[in-house]
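Right, one structure below, let's go through it.
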Amino acid sequence: MTSLVKPQSGLDDISTYVPGKPVEEVQRELGLADVIKLASNENPQAPAPKAVAAIQAAVAKLNFYPDGASHELRRALAAHLGVRPDQVAVGNGADGLIMETCMAYLEDGDEVIVSRSSFPVYDVYASAMRARVVKTPLRDYGLDLQAMAAAIKPRTKLIFVCNPNNPTGTLVTATEVEAFVQAVPDDVLVVFDEAYYEFVDSPDYPQSLRYVHDGRANVMVLRTYSKVYGLAGIRLGYAIADPEVFAPLHKIREPFAVNSLAQVAGVAALQDTEYLQRSVAANAAGREYLYREFGRLGLSFVRSHTNFVLLSIGSQAADVARRLLAAGVIVRPCGGYELPECLRITVGDPAQNARLIEALKAALQAKR
Ligand SMILES: *Cc1c(COP(=O)(O)O)cnc(C)c1O
């Protein structure tokens, strides 16, 4: 039967987000036993042992609701970040916080500025709130903060700055960010999405928390446990901002958005500095390996500050992605990011990276 129940009109322009294919789906569809996924920027290492132990201990208490205010976790994060607990909010992934921010701040006719070829979740929730999404062009595969500032209009309410940017892996610098923040009016909220913060090793990277410290009530910083902490499956992200910025989010958020296992895992993962260092070091080594091998294959790529690399291979990119998939290697084609000539490839463990390179060689040689 055809449904006559009309969805709200904000959804008209939204297509359903297609995440990286799960390994099991590819195994089933292609009948392949050995499939690797380098498509969702997950950590190839198992989660931090301390987090796993905390989760195991908390399982026995799942008959109780979680602490709706996530007190322990927010206290731990505040101590870790050098801010006050009331300057920290946690969510069902950074995605959950993006959704809450859009719900809390946007209404019909508001404008949201994002960059083209950036994280697609911003558009989804902004559109769902019937806001108009204004997209500025990339400059050299990076966000153009000057263009983003120039796009501010009286109806602009929110600006999402993905730094480093997914899917390009590039940074905007502290100097660029400083000029940008100065140019943004006080009634426009800037969200710095720093999902890859811990991977960045550059003196040019802005310490955006400083703006919250300095009392700017129109800056929010977003981070996540999904990437460097290896906890994508637990769904936990956090935000740092002035408590007044969070007040409207608290009104609309799910009462128990962050589950009990995520709360204890989040506290424990912060204590596992050894795991964090290991993740960062393994990623840096894997990224260097990929650069070297991509170079040998004569492929151009964008140097990355994250755990993925954007590879630019021209008009055959989608075909190459399909051939890689047939060989059991899942990567992310970037047509949906308006970069049809590119593939985004997550840095895997050494065996996965070697397998990717072998499959890539074969895929590039295959006749069209
Ligand atoms: C992965 C990612 C997120 C999502 O993080 P979750 O905490 O898993 O929801 C947010 N922003 C960017 C840029 C990402 O790449």
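Residue numbering restarts at 1 for every chain of the structure tokens, chains are lettered A, B, ... in their displayed order, and ligands are numbered from 1 as they appear.
Every residue of segment 190-223 of chain A with a DSSP assignment of alpha helix (DSSP H), taken from the backbone, is listed as Leu209, Arg210, Tyr211, Val212 and His213 of chain A.
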Inset, instruction - Just the residues within 7 Å of segment 160-174 of chain A, please, counting only C-alpha atoms, with nothing from its chain fewer than 2 positions along; format it as a PyMOL selection string. - result: chain A and resi 113-114+117-119+141-143+158+176-178+190-194+196+204-206+302+304-306+308-310+344
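Inspection of the environment of ligand 1, which uses only C-alpha atoms and all ligand atoms and a cut-off of 7 Å, identifies the neighbouring residues as Asn41, Asn92, Gly93, Ala94, Asp95, Gly96, Phe119, Cys162, Asn165, Asn166, Asp193, Glu194, Ala195, Thr224, Tyr225, Ser226, Lys227, Ala232, Arg235, Leu236 and Gly237 of chain A.
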Mind dumping the selected residues with all heavy atoms as a compact mmCIF listing (two decimals), in the first residue's frame?
# COMPACT_ATOMS: atom_id res chain seq x y z
N ASN A 41 36.74 5.44 8.55
CA ASN A 41 37.70 6.08 9.45
C ASN A 41 37.66 5.52 10.86
O ASN A 41 37.88 6.23 11.84
CB ASN A 41 37.49 7.61 9.45
CG ASN A 41 37.53 8.17 8.05
OD1 ASN A 41 38.09 7.54 7.15
ND2 ASN A 41 36.96 9.34 7.85
N ASN A 92 25.04 11.20 21.86
CA ASN A 92 25.04 9.89 21.22
C ASN A 92 25.87 10.02 19.93
O ASN A 92 25.36 10.13 18.82
CB ASN A 92 23.60 9.50 20.91
CG ASN A 92 23.49 8.05 20.44
OD1 ASN A 92 24.32 7.22 20.76
ND2 ASN A 92 22.46 7.78 19.67
N GLY A 93 27.20 10.03 20.14
CA GLY A 93 28.11 10.37 19.05
C GLY A 93 28.15 11.87 18.85
O GLY A 93 27.25 12.60 19.31
N ALA A 94 29.21 12.35 18.20
CA ALA A 94 29.22 13.75 17.80
C ALA A 94 28.01 14.01 16.90
O ALA A 94 27.42 15.10 16.93
CB ALA A 94 30.53 14.08 17.08
N ASP A 95 27.61 13.00 16.14
CA ASP A 95 26.41 13.12 15.29
C ASP A 95 25.19 13.54 16.10
O ASP A 95 24.39 14.37 15.67
CB ASP A 95 26.09 11.79 14.61
CG ASP A 95 27.08 11.42 13.51
OD1 ASP A 95 27.85 12.30 13.08
OD2 ASP A 95 27.07 10.26 13.09
N GLY A 96 25.04 12.93 17.29
CA GLY A 96 23.91 13.27 18.14
C GLY A 96 23.95 14.74 18.56
O GLY A 96 22.90 15.40 18.64
N PHE A 119 31.66 17.31 5.92
CA PHE A 119 30.90 16.23 6.57
C PHE A 119 29.39 16.39 6.28
O PHE A 119 28.82 17.44 6.57
CB PHE A 119 31.18 16.30 8.06
CG PHE A 119 30.73 15.10 8.84
CD1 PHE A 119 31.12 13.82 8.49
CD2 PHE A 119 29.94 15.25 9.97
CE1 PHE A 119 30.74 12.72 9.23
CE2 PHE A 119 29.55 14.16 10.73
CZ PHE A 119 29.95 12.89 10.35
N CYS A 162 34.64 22.05 9.80
CA CYS A 162 35.16 20.71 10.05
C CYS A 162 36.69 20.80 9.94
O CYS A 162 37.23 21.01 8.86
CB CYS A 162 34.59 19.76 8.99
SG CYS A 162 34.89 18.03 9.35
N ASN A 165 39.24 18.65 7.93
CA ASN A 165 38.02 18.40 7.17
C ASN A 165 37.93 16.94 6.72
O ASN A 165 38.89 16.37 6.22
CB ASN A 165 37.98 19.32 5.94
CG ASN A 165 36.67 19.20 5.19
OD1 ASN A 165 35.60 19.22 5.80
ND2 ASN A 165 36.74 19.08 3.87
N ASN A 166 36.76 16.37 6.93
CA ASN A 166 36.42 15.07 6.36
C ASN A 166 35.58 15.37 5.12
O ASN A 166 34.57 16.06 5.26
CB ASN A 166 35.61 14.28 7.41
CG ASN A 166 35.11 12.95 6.91
OD1 ASN A 166 35.40 12.55 5.80
ND2 ASN A 166 34.34 12.27 7.76
N ASP A 193 34.14 21.28 14.33
CA ASP A 193 34.06 19.82 14.45
C ASP A 193 35.49 19.27 14.39
O ASP A 193 36.12 19.28 13.34
CB ASP A 193 33.19 19.26 13.31
CG ASP A 193 33.00 17.75 13.41
OD1 ASP A 193 33.76 17.09 14.13
OD2 ASP A 193 32.08 17.25 12.74
N GLU A 194 35.97 18.82 15.55
CA GLU A 194 37.36 18.34 15.66
C GLU A 194 37.38 16.82 15.92
O GLU A 194 38.03 16.35 16.85
CB GLU A 194 38.08 19.12 16.75
CG GLU A 194 38.14 20.61 16.45
CD GLU A 194 38.94 21.43 17.47
OE1 GLU A 194 39.25 20.91 18.56
OE2 GLU A 194 39.24 22.60 17.16
N ALA A 195 36.66 16.09 15.09
CA ALA A 195 36.57 14.63 15.25
C ALA A 195 37.94 13.96 15.16
O ALA A 195 38.13 12.86 15.69
CB ALA A 195 35.62 14.04 14.21
N THR A 224 35.07 13.41 19.49
CA THR A 224 34.42 12.10 19.52
C THR A 224 35.35 11.01 20.03
O THR A 224 36.57 11.12 19.94
CB THR A 224 33.92 11.72 18.11
OG1 THR A 224 33.31 10.42 18.16
CG2 THR A 224 35.06 11.66 17.10
N TYR A 225 34.75 9.96 20.55
CA TYR A 225 35.48 8.74 20.94
C TYR A 225 35.55 7.74 19.79
O TYR A 225 36.09 6.66 19.93
CB TYR A 225 34.79 8.07 22.13
CG TYR A 225 35.05 8.73 23.47
CD1 TYR A 225 34.27 9.82 23.88
CD2 TYR A 225 36.05 8.27 24.32
CE1 TYR A 225 34.49 10.41 25.11
CE2 TYR A 225 36.27 8.86 25.55
CZ TYR A 225 35.49 9.93 25.95
OH TYR A 225 35.71 10.51 27.16
N SER A 226 34.95 8.09 18.65
CA SER A 226 34.80 7.09 17.58
C SER A 226 36.07 6.84 16.80
O SER A 226 36.20 5.79 16.16
CB SER A 226 33.73 7.55 16.59
OG SER A 226 32.47 7.59 17.21
N LYS A 227 36.98 7.78 16.78
CA LYS A 227 38.12 7.63 15.89
C LYS A 227 39.35 7.19 16.68
O LYS A 227 39.64 6.02 16.73
CB LYS A 227 38.34 8.96 15.13
CG LYS A 227 37.06 9.52 14.50
CD LYS A 227 36.65 8.80 13.23
CE LYS A 227 35.20 8.92 12.82
NZ LYS A 227 34.66 10.23 12.53
N ALA A 232 33.90 3.55 18.08
CA ALA A 232 32.83 3.99 17.18
C ALA A 232 31.51 3.29 17.48
O ALA A 232 30.43 3.87 17.37
CB ALA A 232 33.23 3.76 15.72
N ARG A 235 29.08 4.73 20.44
CA ARG A 235 28.39 5.99 20.13
C ARG A 235 28.56 7.01 21.27
O ARG A 235 27.71 7.15 22.15
CB ARG A 235 26.88 5.78 19.86
CG ARG A 235 26.54 4.71 18.85
CD ARG A 235 27.22 4.93 17.49
NE ARG A 235 26.93 6.24 16.94
CZ ARG A 235 27.87 7.10 16.54
NH1 ARG A 235 29.16 6.81 16.64
NH2 ARG A 235 27.53 8.26 16.05
N LEU A 236 29.66 7.72 21.24
CA LEU A 236 29.93 8.74 22.25
C LEU A 236 30.73 9.89 21.67
O LEU A 236 31.81 9.70 21.10
CB LEU A 236 30.69 8.11 23.43
CG LEU A 236 31.02 9.04 24.61
CD1 LEU A 236 29.75 9.62 25.22
CD2 LEU A 236 31.81 8.28 25.69
N GLY A 237 30.16 11.07 21.81
CA GLY A 237 30.86 12.29 21.41
C GLY A 237 30.65 13.34 22.47
O GLY A 237 29.81 13.18 23.37
Legend entry - Among the residues A:Val267, A:Val112, A:Ala128, A:Leu73, the one that comes closest to Pro7 of chain A [using only C-alpha atoms]: A:Ala128
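Distance check against Asp123 of chain A using only C-alpha atoms: of A:Tyr229, A:Tyr197, A:Tyr17, A:Phe180, the minimum falls on A:Tyr17.
Across the model, the gap from atom CA of Ile159 of chain A to atom CA of Val188 of chain A is 7.4 Å.
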Inset, instruction - Excluding Val320 of chain A and residues on its chain fewer than 2 positions from it, collect all residues at most 10 Å away from it, counting only C-alpha atoms, and give them as a ChimeraX atom specification. - result: /A:313,315-318,322-326,331,333,343,359-366,368
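Atom CA of Phe246 of chain A is positioned 23.8 Å from atom CA of Met148 of chain A.
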